[in-house]
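File shown here: structure.tsv, holding TSV, C-alpha atoms.
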chain	number	residue	atom	x	y	z
A	14	MET	CA	0.00	0.00	0.00
A	15	ASP	CA	1.52	3.34	-0.96
A	16	LEU	CA	1.74	6.34	1.33
A	17	ALA	CA	-1.02	8.39	-0.31
A	18	SER	CA	-3.66	5.67	0.14
A	19	ALA	CA	-2.50	4.98	3.68
A	20	LYS	CA	-2.83	8.67	4.49
A	21	LEU	CA	-6.39	8.77	3.20
A	22	ILE	CA	-7.38	5.66	5.14
A	23	GLY	CA	-5.70	6.99	8.29
A	24	ALA	CA	-7.51	10.32	8.04
A	25	GLY	CA	-10.82	8.55	7.57
A	26	LEU	CA	-10.21	6.34	10.58
A	27	ALA	CA	-9.25	9.33	12.72
A	28	ALA	CA	-12.53	11.02	11.87
A	29	VAL	CA	-14.48	8.09	13.39
A	30	GLY	CA	-13.56	9.42	16.84
A	31	LEU	CA	-15.88	12.39	16.33
A	32	ALA	CA	-18.89	10.11	16.91
A	33	GLY	CA	-18.21	9.97	20.66
A	34	ALA	CA	-18.09	13.74	20.89
A	35	GLY	CA	-21.41	13.97	19.08
A	36	VAL	CA	-23.01	11.69	21.66
A	37	GLY	CA	-21.48	13.74	24.47
A	38	ILE	CA	-22.72	17.07	23.15
A	39	GLY	CA	-26.19	15.61	22.69
A	40	GLN	CA	-26.17	14.46	26.31
A	41	ILE	CA	-25.16	17.90	27.58
A	42	PHE	CA	-28.01	19.65	25.84
A	43	ALA	CA	-30.47	16.88	26.70
A	44	ALA	CA	-29.60	17.47	30.36
A	45	LEU	CA	-29.92	21.24	29.85
A	46	VAL	CA	-33.36	20.99	28.25
A	47	SER	CA	-34.57	18.53	30.85
A	48	SER	CA	-33.36	20.68	33.76
A	49	LEU	CA	-34.84	23.87	32.29
A	50	ALA	CA	-38.13	22.05	31.74
A	51	ARG	CA	-38.24	21.19	35.43
A	52	ASN	CA	-37.11	24.60	36.63
A	53	PRO	CA	-37.14	27.38	34.05
A	54	SER	CA	-35.87	29.96	36.53
A	55	ALA	CA	-32.54	28.12	36.81
A	56	ARG	CA	-31.59	29.34	33.35
A	57	ASP	CA	-29.05	31.93	34.48
A	58	ASN	CA	-27.22	29.40	36.66
A	59	VAL	CA	-27.22	26.50	34.28
A	60	PHE	CA	-26.82	27.97	30.79
A	61	GLY	CA	-23.24	29.18	31.25
A	62	LEU	CA	-22.19	25.76	32.52
A	63	ALA	CA	-23.88	24.09	29.56
A	64	ILE	CA	-22.01	26.30	27.10
A	65	LEU	CA	-18.71	25.63	28.89
A	66	GLY	CA	-19.39	21.89	28.85
A	67	PHE	CA	-20.26	22.02	25.17
A	68	ALA	CA	-17.04	23.82	24.29
A	69	LEU	CA	-14.91	21.40	26.31
A	70	THR	CA	-16.57	18.37	24.70
A	71	GLU	CA	-16.28	19.79	21.23
A	72	ALA	CA	-12.61	20.41	21.89
A	73	VAL	CA	-12.07	16.65	22.11
A	74	ALA	CA	-13.75	16.23	18.74
A	75	ILE	CA	-11.46	18.90	17.34
A	76	TYR	CA	-8.40	17.09	18.75
A	77	GLY	CA	-9.42	14.07	16.66
A	78	LEU	CA	-9.82	16.30	13.64
A	79	VAL	CA	-6.35	17.73	14.18
A	80	ILE	CA	-4.91	14.22	14.15
A	81	ALA	CA	-6.70	13.58	10.86
A	82	PHE	CA	-5.21	16.76	9.43
A	83	ILE	CA	-1.73	15.87	10.68
A	84	ILE	CA	-1.98	12.47	9.02
A	85	LEU	CA	-3.16	14.04	5.78
A	86	PHE	CA	-0.92	17.04	5.48
A	87	VAL	CA	2.25	16.46	7.49
A	88	PHE	CA	3.36	12.99	6.40
B	9	MET	CA	-6.36	29.44	-5.90
B	10	ALA	CA	-7.94	26.64	-3.96
B	11	ALA	CA	-8.42	23.93	-6.58
B	12	ALA	CA	-5.93	22.64	-9.13
B	13	GLY	CA	-6.70	19.43	-10.95
B	14	HIS	CA	-8.01	17.16	-8.19
B	15	ASP	CA	-5.92	18.70	-5.46
B	16	ILE	CA	-7.54	21.15	-3.03
B	17	ASN	CA	-5.00	23.29	-1.20
B	18	VAL	CA	-6.62	23.87	2.20
B	19	MET	CA	-3.52	24.60	4.28
B	20	GLY	CA	-1.93	27.27	2.12
B	21	GLN	CA	-4.12	29.99	3.63
B	22	PHE	CA	-2.20	29.71	6.93
B	23	GLN	CA	1.16	30.50	5.40
B	24	LEU	CA	2.65	33.74	6.70
B	25	HIS	CA	3.92	36.44	4.35
B	26	THR	CA	5.60	39.63	5.39
B	27	VAL	CA	3.63	42.84	4.90
B	28	GLY	CA	4.84	46.39	4.42
B	29	SER	CA	7.45	45.81	1.67
B	30	PHE	CA	11.08	45.99	2.72
B	31	VAL	CA	10.46	47.64	6.10
B	32	GLY	CA	8.18	44.84	7.21
B	33	ALA	CA	10.35	42.16	5.65
B	34	SER	CA	13.40	43.37	7.59
B	35	VAL	CA	11.70	42.63	10.94
B	36	ASN	CA	9.54	39.78	9.61
B	37	PHE	CA	6.30	41.63	10.26
B	38	THR	CA	3.68	39.23	8.90
B	39	GLN	CA	-0.07	39.52	8.34
B	40	ALA	CA	-0.55	37.78	11.71
B	41	ASN	CA	1.37	40.58	13.43
B	42	LEU	CA	-0.66	43.17	11.53
B	43	MET	CA	-3.91	41.60	12.74
B	44	MET	CA	-2.61	41.52	16.32
B	45	VAL	CA	-1.78	45.22	16.20
B	46	LEU	CA	-5.22	45.88	14.72
B	47	ALA	CA	-6.94	43.86	17.47
B	48	ALA	CA	-5.10	45.75	20.18
B	49	ALA	CA	-5.93	49.08	18.51
B	50	VAL	CA	-9.63	48.20	18.25
B	51	VAL	CA	-9.88	47.19	21.92
B	52	LEU	CA	-8.07	50.32	23.08
B	53	ALA	CA	-10.25	52.51	20.86
B	54	MET	CA	-13.42	50.83	22.16
B	55	LEU	CA	-12.36	51.45	25.77
B	56	TYR	CA	-11.16	55.01	25.20
B	57	TYR	CA	-14.09	56.25	23.15
B	58	GLY	CA	-16.50	54.19	25.22
B	59	ALA	CA	-15.38	55.70	28.50
B	60	ARG	CA	-15.26	59.30	27.25
B	61	PRO	CA	-18.99	60.28	27.30
B	62	ARG	CA	-19.41	59.43	31.02
B	63	ALA	CA	-23.19	59.68	30.71
B	64	ILE	CA	-25.41	58.22	33.43
B	65	VAL	CA	-27.61	56.76	30.72
B	66	PRO	CA	-25.02	55.34	28.35
B	67	GLY	CA	-25.11	55.68	24.60
B	68	ARG	CA	-24.29	52.72	22.38
B	69	LEU	CA	-20.50	52.81	22.48
B	70	GLN	CA	-20.37	53.46	26.21
B	71	ALA	CA	-22.87	50.65	26.76
B	72	LEU	CA	-20.66	48.33	24.70
B	73	ALA	CA	-17.57	49.18	26.72
B	74	GLU	CA	-19.46	48.82	30.01
B	75	LEU	CA	-20.96	45.52	28.88
B	76	GLY	CA	-17.55	44.10	28.01
B	77	TYR	CA	-16.12	45.33	31.31
B	78	THR	CA	-18.89	43.96	33.53
B	79	PHE	CA	-19.07	40.67	31.65
B	80	VAL	CA	-15.39	39.87	32.27
B	81	LEU	CA	-15.45	41.26	35.82
B	82	GLN	CA	-18.51	39.12	36.63
B	83	MET	CA	-16.75	36.06	35.21
B	84	CYS	CA	-13.63	36.70	37.29
B	85	THR	CA	-15.42	37.28	40.60
B	86	ASP	CA	-17.87	34.41	40.04
B	87	GLN	CA	-15.10	31.92	39.37
B	88	ILE	CA	-12.31	33.09	41.66
B	89	GLY	CA	-14.23	34.92	44.36
B	90	PRO	CA	-13.46	38.42	45.66
B	91	GLU	CA	-9.71	37.99	45.06
B	92	GLY	CA	-10.56	37.73	41.37
B	93	ARG	CA	-10.38	41.48	40.92
B	94	ARG	CA	-6.58	41.32	40.94
B	95	PHE	CA	-6.59	39.14	37.84
B	96	PHE	CA	-9.28	41.06	36.01
B	97	PRO	CA	-6.97	43.16	33.76
B	98	LEU	CA	-5.17	40.08	32.47
B	99	VAL	CA	-8.35	38.08	31.86
B	100	PHE	CA	-9.91	41.11	30.15
B	101	ALA	CA	-6.92	41.50	27.86
B	102	LEU	CA	-6.82	37.77	27.07
B	103	PHE	CA	-10.56	37.58	26.40
B	104	PHE	CA	-10.72	40.54	24.05
B	105	PHE	CA	-7.44	39.76	22.28
B	106	ILE	CA	-8.58	36.22	21.51
B	107	LEU	CA	-12.13	37.32	20.69
B	108	LEU	CA	-10.99	39.86	18.14
B	109	GLY	CA	-8.32	37.50	16.83
B	110	ASN	CA	-10.96	34.87	16.17
B	111	LEU	CA	-13.52	37.29	14.75
B	112	PHE	CA	-11.18	39.15	12.38
B	113	GLY	CA	-10.60	35.93	10.48
B	114	VAL	CA	-14.23	35.78	9.36
B	115	TRP	CA	-13.72	38.97	7.34
B	116	PRO	CA	-12.59	38.21	3.77
B	117	TYR	CA	-8.86	38.57	3.14
B	118	ALA	CA	-8.15	39.10	6.85
B	119	PHE	CA	-6.17	36.61	8.89
B	120	THR	CA	-6.96	34.71	12.08
B	121	PHE	CA	-3.83	35.01	14.12
B	122	THR	CA	-5.13	32.47	16.66
B	123	SER	CA	-5.09	29.79	13.99
B	124	HIS	CA	-1.37	29.29	14.58
B	125	ILE	CA	-0.29	27.01	17.42
B	126	ALA	CA	2.61	29.40	18.08
B	127	THR	CA	0.24	32.18	19.14
B	128	THR	CA	-2.11	30.03	21.20
B	129	LEU	CA	0.75	28.17	22.83
B	130	ALA	CA	2.37	31.45	23.80
B	131	LEU	CA	-0.87	32.63	25.42
B	132	THR	CA	-1.28	29.28	27.19
B	133	VAL	CA	2.29	29.30	28.51
B	134	LEU	CA	1.61	32.80	29.87
B	135	VAL	CA	-1.53	31.58	31.64
B	136	MET	CA	0.13	28.43	33.01
B	137	LEU	CA	3.17	30.30	34.32
B	138	LEU	CA	0.86	32.84	35.93
B	139	VAL	CA	-1.30	30.16	37.57
B	140	THR	CA	1.68	28.20	38.90
B	141	GLY	CA	3.40	31.40	40.00
B	142	VAL	CA	0.31	32.64	41.82
B	143	GLY	CA	-0.12	29.28	43.51
B	144	ILE	CA	3.47	29.12	44.73
B	145	ARG	CA	3.52	32.76	45.75
B	146	LEU	CA	0.30	32.50	47.75
B	147	HIS	CA	0.85	29.09	49.35
B	148	GLY	CA	4.58	28.43	49.27
B	149	TRP	CA	5.47	24.74	49.36
B	150	LYS	CA	1.89	23.84	50.32
B	151	PHE	CA	1.03	24.48	46.68
B	152	PHE	CA	2.08	20.88	45.98
B	153	SER	CA	-0.70	19.63	48.25
B	154	TYR	CA	-2.92	20.48	45.27
B	155	PHE	CA	-1.79	17.24	43.67
B	156	VAL	CA	-2.90	15.17	46.67
B	157	PRO	CA	-6.71	15.21	46.74
B	158	LYS	CA	-8.46	15.01	50.10
B	159	GLY	CA	-10.03	11.81	51.36
B	160	VAL	CA	-7.92	9.43	49.28
B	161	PRO	CA	-6.68	6.19	50.90
B	162	LYS	CA	-2.89	6.26	51.27
B	163	VAL	CA	-2.47	3.11	49.14
B	164	LEU	CA	-3.75	4.87	46.04
B	165	LEU	CA	-1.47	7.89	46.33
B	166	PRO	CA	1.51	6.52	44.26
B	167	LEU	CA	-0.98	5.99	41.43
B	168	LEU	CA	-3.02	9.15	41.88
B	169	VAL	CA	-0.33	11.81	42.32
B	170	PRO	CA	1.40	11.15	38.95
B	171	ILE	CA	-2.01	11.17	37.29
B	172	GLU	CA	-2.81	14.52	38.91
B	173	VAL	CA	0.56	15.96	37.86
B	174	ILE	CA	0.14	14.75	34.29
B	175	SER	CA	-3.37	16.15	34.14
B	176	TYR	CA	-2.05	19.51	35.38
B	177	LEU	CA	0.69	19.55	32.77
B	178	SER	CA	-1.74	18.49	30.05
B	179	ARG	CA	-3.63	21.74	30.60
B	180	LEU	CA	-0.83	23.33	28.53
B	181	VAL	CA	-1.67	21.10	25.60
B	182	SER	CA	-5.44	21.16	25.94
B	183	LEU	CA	-5.85	24.92	26.36
B	184	SER	CA	-3.67	25.79	23.38
B	185	VAL	CA	-4.78	23.02	21.02
B	186	ARG	CA	-8.47	23.64	21.75
B	187	LEU	CA	-8.30	27.24	20.50
B	188	PHE	CA	-5.85	26.55	17.67
B	189	ALA	CA	-7.69	23.50	16.33
B	190	ASN	CA	-11.12	25.14	16.45
B	191	MET	CA	-9.88	28.11	14.45
B	192	MET	CA	-7.85	26.06	11.99
B	193	ALA	CA	-10.60	23.50	11.41
B	194	GLY	CA	-13.17	26.24	10.84
B	195	HIS	CA	-11.10	27.98	8.22
B	196	VAL	CA	-10.10	24.72	6.52
B	197	MET	CA	-13.79	23.89	6.22
B	198	LEU	CA	-14.60	27.32	4.74
B	199	GLU	CA	-11.79	26.94	2.20
B	200	LEU	CA	-12.93	23.40	1.37
B	201	PHE	CA	-16.54	24.42	0.72
B	202	GLY	CA	-15.36	27.36	-1.34
B	203	ALA	CA	-13.29	25.01	-3.48
B	204	PHE	CA	-16.33	22.73	-3.88
B	205	ILE	CA	-18.42	25.66	-5.13
B	206	VAL	CA	-15.84	26.57	-7.75
B	207	MET	CA	-15.31	22.97	-8.84
B	208	LEU	CA	-19.05	22.33	-9.12
B	209	GLY	CA	-19.58	25.55	-11.02
B	210	ALA	CA	-16.82	24.66	-13.46
B	211	ALA	CA	-18.30	21.20	-14.08
B	212	GLY	CA	-21.18	22.43	-16.25
B	213	VAL	CA	-24.63	24.01	-16.12
B	214	ILE	CA	-26.36	20.95	-14.65
B	215	PHE	CA	-24.19	21.25	-11.53
B	216	TRP	CA	-25.02	24.88	-10.85
B	217	ALA	CA	-27.92	23.94	-8.56
B	218	ALA	CA	-25.54	21.85	-6.46
B	219	ALA	CA	-23.08	24.75	-6.44
B	220	ALA	CA	-25.83	27.10	-5.21
B	221	LEU	CA	-26.69	24.65	-2.43
B	222	THR	CA	-23.03	24.42	-1.43
B	223	PHE	CA	-22.90	28.22	-1.40
B	224	ALA	CA	-25.87	28.32	1.00
B	225	ILE	CA	-24.15	25.79	3.23
B	226	ASP	CA	-20.97	27.87	3.16
B	227	VAL	CA	-22.90	30.95	4.30
B	228	VAL	CA	-24.31	28.96	7.23
B	229	MET	CA	-20.76	27.77	7.99
B	230	ILE	CA	-19.60	31.36	8.31
B	231	GLY	CA	-22.38	31.98	10.83
B	232	PHE	CA	-21.23	28.90	12.74
B	233	GLU	CA	-17.64	30.16	12.54
B	234	ILE	CA	-18.66	33.41	14.23
B	235	LEU	CA	-20.39	31.43	16.99
B	236	VAL	CA	-17.32	29.25	17.51
B	237	ALA	CA	-15.07	32.33	17.56
B	238	VAL	CA	-17.00	33.94	20.41
B	239	LEU	CA	-17.43	30.64	22.25
B	240	GLN	CA	-13.74	29.72	22.13
B	241	ALA	CA	-12.72	33.15	23.42
B	242	TYR	CA	-15.20	32.75	26.30
B	243	VAL	CA	-13.96	29.22	27.05
B	244	PHE	CA	-10.32	30.31	27.13
B	245	ALA	CA	-11.13	33.13	29.54
B	246	VAL	CA	-13.35	30.97	31.77
B	247	LEU	CA	-10.75	28.21	31.96
B	248	THR	CA	-8.11	30.79	32.88
B	249	CYS	CA	-10.40	31.90	35.72
B	250	ILE	CA	-11.00	28.29	36.80
B	251	TYR	CA	-7.27	27.54	36.87
B	252	LEU	CA	-6.70	30.73	38.88
B	253	HIS	CA	-9.42	29.60	41.30
B	254	ASP	CA	-7.53	26.31	41.71
B	255	ALA	CA	-4.30	28.17	42.36
B	256	VAL	CA	-5.83	30.62	44.82
B	257	HIS	CA	-7.99	28.16	46.74
B	258	LEU	CA	-6.00	24.93	46.21
B	259	HIS	CA	-8.87	22.57	45.52

So that I can check it, write out the structure of this file as structure tokens.
Amino acid sequence: MDLASAKLIGAGLAAVGLAGAGVGIGQIFAALVSSLARNPSARDNVFGLAILGFALTEAVAIYGLVIAFIILFVF
Amino acid sequence: MAAAGHDINVMGQFQLHTVGSFVGASVNFTQANLMMVLAAAVVLAMLYYGARPRAIVPGRLQALAELGYTFVLQMCTDQIGPEGRRFFPLVFALFFFILLGNLFGVWPYAFTFTSHIATTLALTVLVMLLVTGVGIRLHGWKFFSYFVPKGVPKVLLPLLVPIEVISYLSRLVSLSVRLFANMMAGHVMLELFGAFIVMLGAAGVIFWAAAALTFAIDVVMIGFEILVAVLQAYVFAVLTCIYLHDAVHLH
């Protein structure tokens, strides 16, 4: 197998890791919606935490994407 | 140009070129440096012209400056407590520098200087040195009790302390790579979709509908890029405050 094909396969495999982050982000906002449905006045307390949690979880997805880019463009 | 044959050049947009002819080239003043100077100038102008009117009922610019000020001050005191006021100038500078750095890149032909790991790593090293320095200055040698969590059975300590140390050191990597990768991935995606539009348009009249659809998607992507820009600046500032809280309160 030559390097170019291996790079493409490697990048594709690295992108599979983004699935876990998708599940995680869905869980964060499911918890947010459920908690605001129970107690709408908690919005000011809870919304900032939800956004922080979303950004931290998405960061992990982006780490996987960076690995895909490194495989594609550095080697 | 983005597309040549079947090869889409997505990474070329991050290459630095010197600006300002021979004067800039002599000190290696690149478009990233130009954008940084512009970001600093915009923040200073916003603060100066925002604070000048001194009206009790603020006009738009004064309201903008006051909003930015109170937002960051609220974040500092909420996260760190009353001692947070000491760190407010640094967190304010970090937040607005990164915010403008991220946002300037959305403008056509401008450059996102936070899309280089060099810039984000420099900012992260600054934050990490500050946090460790504050911790050691405030607590002396007891700072290292931070790595020994309370209520842990003594048998687990040889396993737990290295894990805690590694997780502390990995903040360097995570803080810098989070910002850098978000910005780089966003702009790579914009470049990629732009190349798709051109390639579809060049493929013939029947593909023009697909090109129009891709154009619509690209417009939505720019909106998403603006959201990510603001969010990542907020996350960097909030995490700085959280790390400072850890250093000040040691738990």

Could you produce a table of the residues of chain A lying within 12 Å of chain B, with the nearest pair of atoms per residue and their separation in Å rounded to one decimal, using only C-alpha atoms, ordered by chain and increasing residue number, as a Markdown table?
| residue | atom | partner | partner_atom | distance |
| --- | --- | --- | --- | --- |
| A:Asn58 | CA | B:Asp86 | CA | 11.1 |
| A:Gly61 | CA | B:Val246 | CA | 10.1 |
| A:Leu62 | CA | B:Val246 | CA | 10.3 |
| A:Ala63 | CA | B:Val243 | CA | 11.4 |
| A:Ile64 | CA | B:Leu239 | CA | 8.0 |
| A:Leu65 | CA | B:Val243 | CA | 6.2 |
| A:Gly66 | CA | B:Val243 | CA | 9.3 |
| A:Phe67 | CA | B:Leu239 | CA | 9.5 |
| A:Ala68 | CA | B:Val243 | CA | 6.8 |
| A:Leu69 | CA | B:Val243 | CA | 7.9 |
| A:Thr70 | CA | B:Arg186 | CA | 10.1 |
| A:Glu71 | CA | B:Arg186 | CA | 8.7 |
| A:Ala72 | CA | B:Arg186 | CA | 5.3 |
| A:Val73 | CA | B:Arg186 | CA | 7.9 |
| A:Ala74 | CA | B:Asn190 | CA | 9.6 |
| A:Ile75 | CA | B:Ala189 | CA | 6.0 |
| A:Tyr76 | CA | B:Ala189 | CA | 6.9 |
| A:Gly77 | CA | B:Ala189 | CA | 9.6 |
| A:Leu78 | CA | B:Ala193 | CA | 7.6 |
| A:Val79 | CA | B:Ala189 | CA | 6.3 |
| A:Ile80 | CA | B:Ala189 | CA | 9.9 |
| A:Ala81 | CA | B:Ala193 | CA | 10.7 |
| A:Phe82 | CA | B:Ala193 | CA | 8.9 |
| A:Ile83 | CA | B:Met19 | CA | 11.0 |
| A:Leu85 | CA | B:Met19 | CA | 10.7 |
| A:Phe86 | CA | B:Met19 | CA | 8.1 |
| A:Val87 | CA | B:Met19 | CA | 10.5 |

Output the selection as a compact mmCIF listing (two decimals), in the frame of the given file - C-alpha atoms for each residue.
# COMPACT_ATOMS: atom_id res chain seq x y z
CA ASN A 58 -27.22 29.40 36.66
CA GLY A 61 -23.24 29.18 31.25
CA LEU A 62 -22.19 25.76 32.52
CA ALA A 63 -23.88 24.09 29.56
CA ILE A 64 -22.01 26.30 27.10
CA LEU A 65 -18.71 25.63 28.89
CA GLY A 66 -19.39 21.89 28.85
CA PHE A 67 -20.26 22.02 25.17
CA ALA A 68 -17.04 23.82 24.29
CA LEU A 69 -14.91 21.40 26.31
CA THR A 70 -16.57 18.37 24.70
CA GLU A 71 -16.28 19.79 21.23
CA ALA A 72 -12.61 20.41 21.89
CA VAL A 73 -12.07 16.65 22.11
CA ALA A 74 -13.75 16.23 18.74
CA ILE A 75 -11.46 18.90 17.34
CA TYR A 76 -8.40 17.09 18.75
CA GLY A 77 -9.42 14.07 16.66
CA LEU A 78 -9.82 16.30 13.64
CA VAL A 79 -6.35 17.73 14.18
CA ILE A 80 -4.91 14.22 14.15
CA ALA A 81 -6.70 13.58 10.86
CA PHE A 82 -5.21 16.76 9.43
CA ILE A 83 -1.73 15.87 10.68
CA LEU A 85 -3.16 14.04 5.78
CA PHE A 86 -0.92 17.04 5.48
CA VAL A 87 2.25 16.46 7.49

* Surrounding residues of stretch 143-158 of chain B excluding itself and chain neighbours under 4 positions, 7 Å, all atoms listed in the file, as a PyMOL selection string -> chain B and resi 139+169+172-173+255-256+258-259

* Would you work out the distance separating atom CA of B:Ser184 from atom CA of B:Thr128, expressed in Å to one decimal? => 5.0 Å

Once you count only C-alpha atoms, which residues end up no further than 12 Å from (-31.2, 20.9, 30.5) in the file's frame, shown as a PDB file with C-alpha atoms, in the frame of the given file?
ATOM      1  CA  ILE A  38     -22.720  17.070  23.150  1.00  0.00           C
ATOM      2  CA  GLY A  39     -26.190  15.610  22.690  1.00  0.00           C
ATOM      3  CA  GLN A  40     -26.170  14.460  26.310  1.00  0.00           C
ATOM      4  CA  ILE A  41     -25.160  17.900  27.580  1.00  0.00           C
ATOM      5  CA  PHE A  42     -28.010  19.650  25.840  1.00  0.00           C
ATOM      6  CA  ALA A  43     -30.470  16.880  26.700  1.00  0.00           C
ATOM      7  CA  ALA A  44     -29.600  17.470  30.360  1.00  0.00           C
ATOM      8  CA  LEU A  45     -29.920  21.240  29.850  1.00  0.00           C
ATOM      9  CA  VAL A  46     -33.360  20.990  28.250  1.00  0.00           C
ATOM     10  CA  SER A  47     -34.570  18.530  30.850  1.00  0.00           C
ATOM     11  CA  SER A  48     -33.360  20.680  33.760  1.00  0.00           C
ATOM     12  CA  LEU A  49     -34.840  23.870  32.290  1.00  0.00           C
ATOM     13  CA  ALA A  50     -38.130  22.050  31.740  1.00  0.00           C
ATOM     14  CA  ARG A  51     -38.240  21.190  35.430  1.00  0.00           C
ATOM     15  CA  ASN A  52     -37.110  24.600  36.630  1.00  0.00           C
ATOM     16  CA  PRO A  53     -37.140  27.380  34.050  1.00  0.00           C
ATOM     17  CA  SER A  54     -35.870  29.960  36.530  1.00  0.00           C
ATOM     18  CA  ALA A  55     -32.540  28.120  36.810  1.00  0.00           C
ATOM     19  CA  ARG A  56     -31.590  29.340  33.350  1.00  0.00           C
ATOM     20  CA  ASP A  57     -29.050  31.930  34.480  1.00  0.00           C
ATOM     21  CA  ASN A  58     -27.220  29.400  36.660  1.00  0.00           C
ATOM     22  CA  VAL A  59     -27.220  26.500  34.280  1.00  0.00           C
ATOM     23  CA  PHE A  60     -26.820  27.970  30.790  1.00  0.00           C
ATOM     24  CA  GLY A  61     -23.240  29.180  31.250  1.00  0.00           C
ATOM     25  CA  LEU A  62     -22.190  25.760  32.520  1.00  0.00           C
ATOM     26  CA  ALA A  63     -23.880  24.090  29.560  1.00  0.00           C
ATOM     27  CA  ILE A  64     -22.010  26.300  27.100  1.00  0.00           C
ATOM     28  CA  GLY A  66     -19.390  21.890  28.850  1.00  0.00           C
TER      29      GLY A  66
END

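Look at everything within 10 Å of (-16.3, 28.3, -1.0) using only C-alpha atoms, and the residues you get are Ala10, Met197, Leu198, Glu199, Leu200, Phe201, Gly202, Ala203, Phe204, Ile205, Val206, Met207, Ala219, Thr222, Phe223, Ala224, Ile225, Asp226 and Val227 of chain B.
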
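Atom pair atom CA of B:His124 / atom CA of B:Val142: separated by 27.5 Å.
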
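For the atom pair formed by atom CA of B:Leu208 and atom CA of A:Gly25, the distance is 23.2 Å, given to one decimal.
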
Need the shell around A:Lys20: protein/DNA/RNA residues with any atom at most 7 Å away, counting all atoms listed in the file. Skip same-chain ones fewer than 4 positions apart. Format as a compact mmCIF listing (two decimals) with C-alpha atoms, keeping the file's coordinate frame?
# COMPACT_ATOMS: atom_id res chain seq x y z
CA LEU A 16 1.74 6.34 1.33
CA ALA A 24 -7.51 10.32 8.04
CA ILE A 84 -1.98 12.47 9.02
CA LEU A 85 -3.16 14.04 5.78

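The protein and nucleic acid residues lying at most 12 Å from stretch 70-73 of chain B are Val50, Val51, Leu52, Ala53, Met54, Leu55, Tyr56, Tyr57, Gly58, Ala59, Arg60, Pro61, Arg62, Ala63, Ile64, Phe79, Val80, Phe100 and Phe104 of chain B, with all atoms listed in the file considered and sequence neighbours fewer than 6 positions away removed.
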
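Remark: for B:Gly109, the closest of the candidate residues B:Leu137, B:Ile174, B:Leu75, B:Leu46 is B:Leu46 (distances computed over all atoms listed in the file).
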
Any chance you could build stretch 20-32 of chain A out to N, CA and C atoms and write it as a PDB file, in the frame of the given file?
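Resulting contents of part-v1.pdb:
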ATOM      1  N   LYS A  20      -2.453   7.402   3.857  1.00  0.00           N
ATOM      2  CA  LYS A  20      -2.830   8.670   4.490  1.00  0.00           C
ATOM      3  C   LYS A  20      -4.340   8.863   4.456  1.00  0.00           C
ATOM      4  N   LEU A  21      -4.952   8.556   3.311  1.00  0.00           N
ATOM      5  CA  LEU A  21      -6.390   8.770   3.200  1.00  0.00           C
ATOM      6  C   LEU A  21      -7.146   7.860   4.162  1.00  0.00           C
ATOM      7  N   ILE A  22      -6.699   6.586   4.236  1.00  0.00           N
ATOM      8  CA  ILE A  22      -7.380   5.660   5.140  1.00  0.00           C
ATOM      9  C   ILE A  22      -7.188   6.106   6.586  1.00  0.00           C
ATOM     10  N   GLY A  23      -5.958   6.539   6.921  1.00  0.00           N
ATOM     11  CA  GLY A  23      -5.700   6.990   8.290  1.00  0.00           C
ATOM     12  C   GLY A  23      -6.555   8.174   8.663  1.00  0.00           C
ATOM     13  N   ALA A  24      -6.694   9.145   7.733  1.00  0.00           N
ATOM     14  CA  ALA A  24      -7.510  10.320   8.040  1.00  0.00           C
ATOM     15  C   ALA A  24      -8.970   9.918   8.232  1.00  0.00           C
ATOM     16  N   GLY A  25      -9.449   9.000   7.408  1.00  0.00           N
ATOM     17  CA  GLY A  25     -10.820   8.550   7.570  1.00  0.00           C
ATOM     18  C   GLY A  25     -11.046   7.859   8.892  1.00  0.00           C
ATOM     19  N   LEU A  26     -10.068   7.016   9.298  1.00  0.00           N
ATOM     20  CA  LEU A  26     -10.210   6.340  10.580  1.00  0.00           C
ATOM     21  C   LEU A  26     -10.188   7.328  11.738  1.00  0.00           C
ATOM     22  N   ALA A  27      -9.331   8.363  11.626  1.00  0.00           N
ATOM     23  CA  ALA A  27      -9.250   9.330  12.720  1.00  0.00           C
ATOM     24  C   ALA A  27     -10.565  10.073  12.884  1.00  0.00           C
ATOM     25  N   ALA A  28     -11.278  10.273  11.783  1.00  0.00           N
ATOM     26  CA  ALA A  28     -12.530  11.020  11.870  1.00  0.00           C
ATOM     27  C   ALA A  28     -13.630  10.224  12.565  1.00  0.00           C
ATOM     28  N   VAL A  29     -13.453   8.895  12.716  1.00  0.00           N
ATOM     29  CA  VAL A  29     -14.480   8.090  13.390  1.00  0.00           C
ATOM     30  C   VAL A  29     -14.611   8.510  14.846  1.00  0.00           C
ATOM     31  N   GLY A  30     -13.523   9.031  15.443  1.00  0.00           N
ATOM     32  CA  GLY A  30     -13.560   9.420  16.840  1.00  0.00           C
ATOM     33  C   GLY A  30     -14.529  10.546  17.135  1.00  0.00           C
ATOM     34  N   LEU A  31     -14.962  11.277  16.104  1.00  0.00           N
ATOM     35  CA  LEU A  31     -15.880  12.390  16.330  1.00  0.00           C
ATOM     36  C   LEU A  31     -17.253  11.920  16.765  1.00  0.00           C
ATOM     37  N   ALA A  32     -17.559  10.621  16.541  1.00  0.00           N
ATOM     38  CA  ALA A  32     -18.890  10.110  16.910  1.00  0.00           C
ATOM     39  C   ALA A  32     -19.106  10.237  18.417  1.00  0.00           C
TER      40      ALA A  32
END
